[in-house]
Every structure is written in C-alpha cells, then in structure tokens.
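The structure appears below as structure tokens.
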Amino acid sequence: MDVSLRTSLGSKLVLAAPVMTASGTFGYGDDAPAAVDLGALGAVVTKSITRHPREGHPPPRISETPSGLLNAIGLANIGVDEFCRERLPALAHIGSVVIVSIAGSSMDEYAEVLSIIEAHDPDIGGYEINVSCPNVAEGGMEFGVDCAMTESLTRRLRDLTGRFLMVKLSPNVTDIGDIARSAEGGGADALSAINTVVGMDIDPASGRPSLHTVLGGLSGPAIRPIALACVYKVARAVQIPVVGLGGISDADDVIRFLQAGAAAVQIGTANYRDPAIAVQIIAALRERLAGMGLAAPSDLPGVAA
Ligand SMILES: Cc1cc2nc3c(=O)[nH]c(=O)nc-3n(C[C@H](O)[C@H](O)[C@H](O)COP(=O)(O)O)c2cc1C
C-alpha cells in the first residue's frame, strides 16, 4: 500500500508530512545538526521571537522529573532584528516549511514583531502565536487564558498578514474549547495545542525548588494524556485544523493525536533525546499506516463523538 503523508492545514499550507518540530526545542531551524534530513519534516517551528533580545530566566531553568521535563527558559531569544538579519535568509534554504513563532508581553509587541518580519517578505510558511506570555499591559495575565484577549490579539495579527496564522493554546485554562473558539473567531487558520503544563519540583534534601522561578512548564510523556484531552476538546470546538503536541515520542503517539482529532502534530521534548527523532517518527508512521492498510493519515478512524 502506497501511503501519502501530504497534509493540508486549511487552504494556505501544505506539508510533506503531518509532523513538525515544536517551538523552543529545535533552535531557530537553521541550526539543526547536519545529520537531520529537514526535507523529510512537515515543518520546523522556530523558537519564539520577541521584539528585543532576551536572556531568559537565571539558572536552574531546566529540571528532569519522572517522564517529563520542567523548564523556565523565559523566552530566551535573539530578538526580531537579529533574527531577520542573521537567520531569516538562511531559513529559506533549509528544505522544510518554516513557521515562525512569535511572542510578546503586549499586543503592540506581537504586532511589531510580526510587522518587522512581514516587511522582509520572508519565504516562510506562516506564523505560530505563542499566547502563553504574561500581558504586562493588562497586569500580567497570560493572553491565552482570556477569551477576549485571545480574540483581539488574533484579529490584530490577522489584519497584518495573509500568511498562515496558527494560535498555540495553553492547557492552563478553565475551558480550552472557549479559548479555541475565540482564536477561530479572531481569524486563525489553525490552532496548536498544547504548550507546557504548569508544574514545580522540590529537592527534598535542601528544600529548594528545582527551578529558579519555582514554577515552570512541564513537557514530555507525563503530559501526553492532558494534551490528548485538550486536542479532543479543541477539535470538537472549532472547524479549523488542530495541530496536536505534548509528550509525543513515537509513531503510535502520533496516531493517538490524529485519532483524537488533530490534522498534524509537533514533536518537542523528544528532540532533546535525539534531534532526528521527528524524521524517524515520520518513517515509522508511514510503515504503521501501510501495515494498517491505510493510504493516508486522514483514513485513520477518529474517536467516536
Ligand atoms: C526547553 C523548552 C523550551 C520551549 N520553548 C518554547 C517557546 O519558545 N515557545 C513555545 O511556544 N513553546 C515552547 N516550548 C513548549 C513546546 O513547544 C511544547 O509546546 C511543549 O513542550 C509540549 O510538547 P512536548 O511534550 O512534545 O515537549 C518549550 C518547551 C521546552 C521543553
């Protein structure tokens, strides 16, 4: 059985495979190890870019937990000016679709970052909006936990670009379906879910939290069931495509997310174990689908409603 992994995310983006690398876990995209065949990937999502360079939080900012990783990197990145000057030109030649992740602490900052990138008329597939940033102008509440803020931020960015625009949802909310509908209402082309789950750990000998910031974001296999539930809820709440992520480490995990309602997935923490894992997962997914007698990921049976 010939399997086609080509996947459309709405009308603006076609991927060679329904598997991308997740923001913050694969650098800027142009710095991947040479051994990784980027052309096999559906897309590469860059580290989140802000208006100005950020050093991020002081160490310790990464800590391992059972089946998971706690991080409080604090959006360390080179800032949009250096990104456009030093990275954007190279990204046109990596052989994969590039999705640029954008972050900010005010709506103006998100809009400015996106406008600066747009002014370069870059050869990119589109944008992923990281709404898990404290909105300083509104007193620190994250954009992604408030429906009205999510909708107006999405609409503001929608007005600035015709490119594919995906909003990345936080699981740390009361009802992720409501937030998803707000992003769809603001004009998003797709939604990705989930960002990290709030977590903390303590060294029992010293009584010290494992992260400098005390609280951090949990990722990896520990959050997979949470992510699956979020993707299931989001897919039932909206009409636009959903990209699932959270704890995916093999082709069976990809199949789980597709069955829960995702049109594609991203691989995050697993890249730290092996930067070629996403490419290997794509090959394994093709074999698994062929073994099931299916011609495409969209032939997978979904979860009964
Ligand atoms: C070290 C680290 C850095 C991350 N940085 C970002 C980031 O800059 N922007 C973003 O949207 N998500 C960021 N994330 C979240 C991941 O993209 C992903 O949503 C999350 O880790 C869940 O997927 P996973 O379990 O496959 O890692 C980061 C995650 C980790 C572990």
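Residue numbering restarts at 1 for every chain of the structure tokens, chains are lettered A, B, ... in their displayed order, and ligands are numbered from 1 as they appear.
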Let's see if you can do this: from backbone DSSP, list all strand (DSSP E) residues in stretch 19-260 of chain A, as JSON, numbers by chain. {"A": [19, 20, 21, 43, 44, 45, 62, 63, 64, 65, 68, 69, 70, 71, 97, 98, 99, 100, 101, 102, 126, 127, 128, 129, 130, 164, 165, 166, 167, 168, 169, 190, 191, 192, 193, 197, 198, 199, 202, 203, 208, 209, 216, 217, 218, 219, 242, 243, 244]}
Pull N, CA and C atoms from the residues just selected and write them as a compact mmCIF listing (two decimals), in the first residue's frame.
# COMPACT_ATOMS: atom_id res chain seq x y z
N VAL A 19 3.99 16.03 10.53
CA VAL A 19 4.83 16.06 11.73
C VAL A 19 5.81 17.23 11.63
N MET A 20 5.79 18.10 12.64
CA MET A 20 6.70 19.26 12.69
C MET A 20 7.53 19.17 13.97
N THR A 21 8.56 19.99 14.05
CA THR A 21 9.27 20.12 15.33
C THR A 21 8.68 21.33 16.06
N ALA A 43 7.24 20.54 8.90
CA ALA A 43 7.65 21.93 9.12
C ALA A 43 8.54 22.00 10.34
N VAL A 44 9.25 23.11 10.42
CA VAL A 44 10.05 23.43 11.60
C VAL A 44 9.46 24.70 12.20
N VAL A 45 9.13 24.67 13.49
CA VAL A 45 8.65 25.88 14.15
C VAL A 45 9.83 26.46 14.93
N ILE A 62 16.09 24.31 33.78
CA ILE A 62 15.63 23.01 33.25
C ILE A 62 15.80 21.99 34.36
N SER A 63 14.81 21.12 34.54
CA SER A 63 14.93 20.09 35.57
C SER A 63 14.14 18.86 35.12
N GLU A 64 14.77 17.69 35.28
CA GLU A 64 14.07 16.46 34.86
C GLU A 64 13.16 15.97 35.97
N THR A 65 11.99 15.47 35.57
CA THR A 65 11.05 14.85 36.53
C THR A 65 10.67 13.49 35.93
N GLY A 68 9.09 13.44 32.45
CA GLY A 68 8.85 14.80 31.99
C GLY A 68 10.04 15.72 32.18
N LEU A 69 9.88 16.93 31.67
CA LEU A 69 10.92 17.95 31.78
C LEU A 69 10.25 19.22 32.25
N LEU A 70 10.82 19.83 33.29
CA LEU A 70 10.31 21.12 33.75
C LEU A 70 11.23 22.19 33.18
N ASN A 71 10.65 23.25 32.58
CA ASN A 71 11.53 24.32 32.12
C ASN A 71 10.95 25.68 32.46
N VAL A 97 9.33 23.55 5.31
CA VAL A 97 8.48 24.70 5.61
C VAL A 97 8.90 25.26 6.97
N VAL A 98 9.01 26.58 7.07
CA VAL A 98 9.36 27.20 8.35
C VAL A 98 8.15 27.99 8.87
N ILE A 99 7.84 27.74 10.12
CA ILE A 99 6.78 28.51 10.79
C ILE A 99 7.47 29.31 11.89
N VAL A 100 7.32 30.61 11.87
CA VAL A 100 8.00 31.46 12.85
C VAL A 100 7.07 31.67 14.05
N SER A 101 7.60 31.34 15.23
CA SER A 101 6.84 31.53 16.46
C SER A 101 7.10 32.94 16.99
N ILE A 102 6.01 33.59 17.39
CA ILE A 102 6.09 34.98 17.85
C ILE A 102 5.58 35.07 19.28
N GLY A 126 4.42 30.56 7.49
CA GLY A 126 3.48 31.33 8.29
C GLY A 126 3.97 31.50 9.72
N TYR A 127 3.01 31.73 10.61
CA TYR A 127 3.35 32.08 11.99
C TYR A 127 2.61 31.20 12.98
N GLU A 128 3.27 30.96 14.12
CA GLU A 128 2.59 30.38 15.28
C GLU A 128 2.65 31.43 16.39
N ILE A 129 1.51 31.73 16.97
CA ILE A 129 1.46 32.77 18.00
C ILE A 129 1.46 32.11 19.37
N ASN A 130 2.51 32.38 20.13
CA ASN A 130 2.64 31.82 21.48
C ASN A 130 1.91 32.76 22.44
N PHE A 164 -0.42 31.97 6.62
CA PHE A 164 -0.95 31.00 7.58
C PHE A 164 -0.67 31.48 9.01
N LEU A 165 -1.73 31.53 9.82
CA LEU A 165 -1.62 32.04 11.18
C LEU A 165 -2.21 31.00 12.14
N MET A 166 -1.35 30.48 13.00
CA MET A 166 -1.77 29.42 13.93
C MET A 166 -1.60 29.94 15.36
N VAL A 167 -2.60 29.76 16.19
CA VAL A 167 -2.51 30.21 17.58
C VAL A 167 -2.25 28.99 18.46
N LYS A 168 -1.23 29.09 19.30
CA LYS A 168 -0.84 27.96 20.17
C LYS A 168 -1.49 28.12 21.54
N LEU A 169 -2.28 27.14 21.91
CA LEU A 169 -3.10 27.25 23.11
C LEU A 169 -2.40 26.70 24.35
N ALA A 190 -5.44 27.97 11.99
CA ALA A 190 -5.28 26.69 12.67
C ALA A 190 -4.95 26.97 14.13
N LEU A 191 -5.03 25.92 14.95
CA LEU A 191 -4.68 26.05 16.36
C LEU A 191 -3.70 24.93 16.70
N SER A 192 -2.71 25.23 17.56
CA SER A 192 -1.86 24.15 18.05
C SER A 192 -2.08 24.02 19.55
N ALA A 193 -2.06 22.79 20.03
CA ALA A 193 -2.31 22.53 21.46
C ALA A 193 -1.56 21.25 21.83
N VAL A 197 2.47 22.46 30.71
CA VAL A 197 1.54 22.45 31.83
C VAL A 197 2.27 22.99 33.07
N VAL A 198 1.66 23.91 33.80
CA VAL A 198 2.34 24.48 34.98
C VAL A 198 2.73 23.37 35.95
N GLY A 199 3.99 23.42 36.38
CA GLY A 199 4.47 22.39 37.32
C GLY A 199 5.58 22.92 38.19
N ILE A 202 10.70 19.98 43.93
CA ILE A 202 11.50 20.43 45.08
C ILE A 202 12.54 19.36 45.38
N ASP A 203 13.77 19.81 45.66
CA ASP A 203 14.80 18.88 46.13
C ASP A 203 14.56 18.66 47.62
N ARG A 208 14.89 23.17 48.38
CA ARG A 208 14.88 24.20 47.32
C ARG A 208 14.06 23.75 46.13
N PRO A 209 13.31 24.68 45.52
CA PRO A 209 12.63 24.35 44.26
C PRO A 209 13.69 24.01 43.21
N GLY A 216 7.35 26.23 36.76
CA GLY A 216 7.83 26.12 35.38
C GLY A 216 6.79 25.44 34.52
N GLY A 217 7.22 25.02 33.35
CA GLY A 217 6.31 24.35 32.42
C GLY A 217 6.73 22.90 32.23
N LEU A 218 5.79 21.99 32.45
CA LEU A 218 6.08 20.56 32.32
C LEU A 218 5.79 20.11 30.89
N SER A 219 6.71 19.30 30.34
CA SER A 219 6.53 18.76 28.99
C SER A 219 6.95 17.30 29.01
N VAL A 242 -6.48 21.41 13.74
CA VAL A 242 -5.80 21.42 15.04
C VAL A 242 -4.48 20.66 14.90
N VAL A 243 -3.42 21.24 15.44
CA VAL A 243 -2.11 20.59 15.46
C VAL A 243 -1.84 20.17 16.91
N GLY A 244 -1.64 18.88 17.13
CA GLY A 244 -1.52 18.37 18.49
C GLY A 244 -0.07 18.19 18.92
Residues at most 7 Å from ligand 1, using only C-alpha atoms and all ligand atoms? Could they come as JSON, numbers by chain? {"A": [22, 23, 24, 25, 47, 48, 69, 71, 73, 75, 101, 130, 168, 194, 195, 196, 219, 220, 221, 223, 224, 245, 246, 247, 248, 266, 267, 268, 269, 270]}
In terms of only C-alpha atoms, the residue from A:Ala72, A:Ile176, A:Cys84, A:Val234 at minimal distance from A:Thr213 is A:Ala72
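Closest approach to A:Pro134 among A:Val214, A:Ala111, A:Ala103, A:Ala119 is made by A:Ala103 (distances from only C-alpha atoms).
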Which residues are close to A:Glu287, i.e. within 12 Å by only C-alpha atoms, leaving aside same-chain residues fewer than 4 positions away? Reply as JSON, numbers by chain. {"A": [1, 2, 3, 4, 5, 251, 252, 255, 280, 281, 282, 283, 291, 292, 293, 294, 295, 296, 297]}
Could you give me the residues within stretch 127-283 of chain A that DSSP places in helix (DSSP H, G or I), as a ChimeraX atom specification? /A:136-138,143-145,147-158,176-185,221-237,251-260,270-273,277-283
Atom CA of A:Gly56 and atom CA of A:Tyr272 are how many Å apart?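 Taking atom CA of A:Gly56 as the start and atom CA of A:Tyr272 as the end point, the length is 19.1 Å.
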Which polymer residues have any atom within 8 Å of an atom of A:Thr7, counting only C-alpha atoms, with same-chain residues fewer than 4 positions away left out, as a list in words?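 The neighbour list is Val14, Leu15, Ala16, Ala17, Pro18, Ala263 and Ala264 of chain A.
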Can I get the selection written as a tab-separated table (two decimals), in the first residue's frame, with C-alpha atoms?
chain	number	residue	atom	x	y	z
A	14	VAL	CA	0.52	22.07	2.55
A	15	LEU	CA	3.03	19.92	4.43
A	16	ALA	CA	5.05	16.96	3.11
A	17	ALA	CA	4.16	15.11	6.33
A	18	PRO	CA	1.88	15.81	9.32
A	263	ALA	CA	-4.68	17.12	11.49
A	264	ALA	CA	-0.94	17.17	12.26
Nearest to A:Ala229 among A:Ala188, A:Asp175, A:Met200, A:Pro60, with distances taken over only C-alpha atoms: which residue is it?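 Looking at the shortest contact to A:Ala229, the residue is A:Asp175.
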Considering only C-alpha atoms, can you say which of A:Glu142, A:Asp159, A:Asp30, A:Asp178 comes closest to A:Cys230?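 Selected residue with least distance to A:Cys230: A:Asp178.
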Rounded to one decimal place, report the atom CA of A:Val136-atom CA of A:Glu112 distance in Å. 15.6 Å
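Of the listed residues A:Arg156, A:Arg273, A:Arg181, A:Arg236, the one whose atoms come nearest to A:Ser115 is A:Arg156, with distances taken using only C-alpha atoms.
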Which residue gives the smallest distance to A:Leu215 among A:Arg61, A:Ser67, A:Ala92, A:Glu118, with only C-alpha atoms counted? A:Arg61
Please indicate the distance in Å from atom CA of A:Asn271 to atom CA of A:Phe26, rounded to one decimal place.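 A separation of 7.0 Å between them.
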Hey, what's within 7 Å of A:Thr150 if we count only C-alpha atoms and toss same-chain stuff fewer than 5 positions away? As a PDB file with N, CA and C atoms, in the first residue's frame, please?
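Done, and the output landed in around21.pdb:
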ATOM      1  N   PHE A 143      -2.168  36.089  27.815  1.00  0.00           N
ATOM      2  CA  PHE A 143      -3.158  36.312  26.748  1.00  0.00           C
ATOM      3  C   PHE A 143      -4.047  35.079  26.587  1.00  0.00           C
ATOM      4  N   GLY A 144      -3.384  33.918  26.632  1.00  0.00           N
ATOM      5  CA  GLY A 144      -4.061  32.679  26.274  1.00  0.00           C
ATOM      6  C   GLY A 144      -5.019  32.150  27.317  1.00  0.00           C
ATOM      7  N   ILE A 179     -11.392  29.138  24.595  1.00  0.00           N
ATOM      8  CA  ILE A 179     -10.251  29.903  24.072  1.00  0.00           C
ATOM      9  C   ILE A 179     -10.063  29.579  22.592  1.00  0.00           C
ATOM     10  N   SER A 182     -12.401  31.460  20.493  1.00  0.00           N
ATOM     11  CA  SER A 182     -12.018  32.876  20.417  1.00  0.00           C
ATOM     12  C   SER A 182     -10.934  33.095  19.363  1.00  0.00           C
ATOM     13  N   ALA A 183      -9.956  32.208  19.337  1.00  0.00           N
ATOM     14  CA  ALA A 183      -8.881  32.334  18.334  1.00  0.00           C
ATOM     15  C   ALA A 183      -9.454  32.124  16.935  1.00  0.00           C
TER      16      ALA A 183
END
